[in-house]
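Below you'll find the structure, written out as structure tokens, and then a few comments.
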Amino acid sequence: EEERERLESQMRAIRINSLRPVYYDKLLTNLIADPATYFAEKASFAQEFPRLTEGAPCRASLLATDTMHGKLRDKFAAHTDLLLFSLTNICNELLNAPDDGFAFRFWSGSQQIALLHWGRPERAEQVLEAINDGLYRTFGTRVEFGIGSARPFPHGAKQSHAEAETALRQRNLRKRSAWVHVFDPQKHSPPADLHFSDYEERVRLAIRSASKEKIAEAVDDWIAEVRKKDVVTMDH
């Protein structure tokens, strides 16, 4: 009887641990989307992230999944969930989670991995550089991050996250100047004189034609225009 209870207890613990990352993802995604949810989940935050307290400075950052090196994508092929799981785990290990921050799957945006920094947020940029060093040792490549400014928790988390998104949108895709892009309120994207929408219909028709030659020609025309520009951002 005792052995059976022990095994059942172990199985329950395994099930709970397997669901915990999903729980964290939902808890923190909801927080970023609507910081007021913190007050309904205050006990949960106190239990899971005891150092993340109301009014404490926090910073949000985003891992740019849209410009990851092909080597990294190829390594995981069609296993996108496994890729994101591996990246999140490495981030959390070097974030010293859950004491100083936490990386999680963000379900409400194009960048699928978000990080929230609260232990020594002034060093968050150095932490992201350390994460990149860890990714390079593991996968042989680095990724880009956008990071917002320090804001009081919980309401400031949403604004810092928006700043991290802006930092990524404003980066020059033609020439990488850094792996970590820090939000600068004084920086503004140059006027967009190049729009993919101008070529979108032609590319769509080429794809529908199922002609490799037409597809290649349509894409090549777009790439040729991109190469003429010194600055290309996500807004183009």
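In the structure tokens, the first chain shown is A, the next is B, and so on; residue numbers restart at 1 for each chain, and ligands run from 1 in the order shown.
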
Shell of 12 Å around segment 77-83 of chain A, only C-alpha atoms, local chain residues under 4 positions omitted, as an MDAnalysis selection string | chainID A and resid 65 68 70:73 87:90 105 112:113 135 139

Counting only C-alpha atoms, what is within 12 Å of Arg120 of chain A, bar same-chain residues fewer than 5 positions away, as a PyMOL selection string?
-> chain A and resi 51-52+56-59+95-96+99-101+125-127+150

Secondary structure check, strand (DSSP E or B) residues of segment 90-209 of chain A, as a ChimeraX atom specification | /A:101-105,113-117,145-147,151-152,180-182

Excluding same-chain residues fewer than 3 positions from Lys158 of chain A, what lies within 9 Å of it counting only C-alpha atoms, as a PyMOL selection string?
-> chain A and resi 31-35+60+154-155+161-163

For those residues, write N, CA and C atoms to a file as a PDB file, in the first residue's frame.
ATOM      1  N   LEU A  31       0.337  38.614 -18.013  1.00  0.00           N
ATOM      2  CA  LEU A  31       0.866  39.788 -17.317  1.00  0.00           C
ATOM      3  C   LEU A  31       1.291  40.867 -18.306  1.00  0.00           C
ATOM      4  N   ILE A  32       2.024  40.454 -19.359  1.00  0.00           N
ATOM      5  CA  ILE A  32       2.487  41.420 -20.357  1.00  0.00           C
ATOM      6  C   ILE A  32       1.302  42.021 -21.103  1.00  0.00           C
ATOM      7  N   ALA A  33       0.337  41.191 -21.446  1.00  0.00           N
ATOM      8  CA  ALA A  33      -0.829  41.670 -22.190  1.00  0.00           C
ATOM      9  C   ALA A  33      -1.682  42.609 -21.342  1.00  0.00           C
ATOM     10  N   ASP A  34      -1.819  42.297 -20.058  1.00  0.00           N
ATOM     11  CA  ASP A  34      -2.649  43.103 -19.157  1.00  0.00           C
ATOM     12  C   ASP A  34      -2.050  43.036 -17.755  1.00  0.00           C
ATOM     13  N   PRO A  35      -1.200  44.001 -17.384  1.00  0.00           N
ATOM     14  CA  PRO A  35      -0.535  43.959 -16.070  1.00  0.00           C
ATOM     15  C   PRO A  35      -1.491  43.872 -14.888  1.00  0.00           C
ATOM     16  N   ALA A  60      11.962  44.053 -19.869  1.00  0.00           N
ATOM     17  CA  ALA A  60      11.549  42.974 -20.770  1.00  0.00           C
ATOM     18  C   ALA A  60      12.485  42.935 -21.974  1.00  0.00           C
ATOM     19  N   PRO A 154       4.060  45.903 -11.551  1.00  0.00           N
ATOM     20  CA  PRO A 154       3.827  45.127 -12.769  1.00  0.00           C
ATOM     21  C   PRO A 154       3.500  45.941 -14.020  1.00  0.00           C
ATOM     22  N   HIS A 155       2.972  47.169 -13.839  1.00  0.00           N
ATOM     23  CA  HIS A 155       2.462  47.893 -14.997  1.00  0.00           C
ATOM     24  C   HIS A 155       3.550  48.241 -16.007  1.00  0.00           C
ATOM     25  N   HIS A 161       8.137  45.784 -22.552  1.00  0.00           N
ATOM     26  CA  HIS A 161       7.994  44.786 -23.610  1.00  0.00           C
ATOM     27  C   HIS A 161       7.744  45.468 -24.959  1.00  0.00           C
ATOM     28  N   ALA A 162       6.899  46.483 -24.975  1.00  0.00           N
ATOM     29  CA  ALA A 162       6.629  47.223 -26.210  1.00  0.00           C
ATOM     30  C   ALA A 162       7.903  47.903 -26.718  1.00  0.00           C
ATOM     31  N   GLU A 163       8.723  48.396 -25.785  1.00  0.00           N
ATOM     32  CA  GLU A 163       9.994  49.015 -26.169  1.00  0.00           C
ATOM     33  C   GLU A 163      10.941  47.987 -26.782  1.00  0.00           C
TER      34      GLU A 163
END

Can you list every residue in chain A that DSSP puts in helix (DSSP H, G or I), as number ranges by chain?
-> A: 2-33, 37-40, 42-48, 65-67, 70-76, 80-95, 121-139, 155-169, 197-209, 212-227

9 Å contact set for Tyr199 of chain A, only C-alpha atoms, chain neighbours under 4 positions out, as JSON, numbers by chain | {"A": [195, 203, 204, 218, 219, 221, 222]}

Considering only C-alpha atoms, return as a list in words whatever protein or nucleic-acid residues lie within 10 Å of Glu165 of chain A, sequence-local ones (same chain, fewer than 3 positions apart) excluded.
-> Ala60, Ser61, Leu62, Leu63, Ala64, Gly109, Ser110, Gln111, Phe145, Gly146, Ile147, Gly148, Gln159, Ser160, His161, Ala162, Leu168, Arg169, Gln170, His181 and Phe183 of chain A

Non-local contacts of His69 of chain A (10 Å; only C-alpha atoms; under 4 positions in same chain excluded) as an MDAnalysis selection string = chainID A and resid 65 73:74 140:144
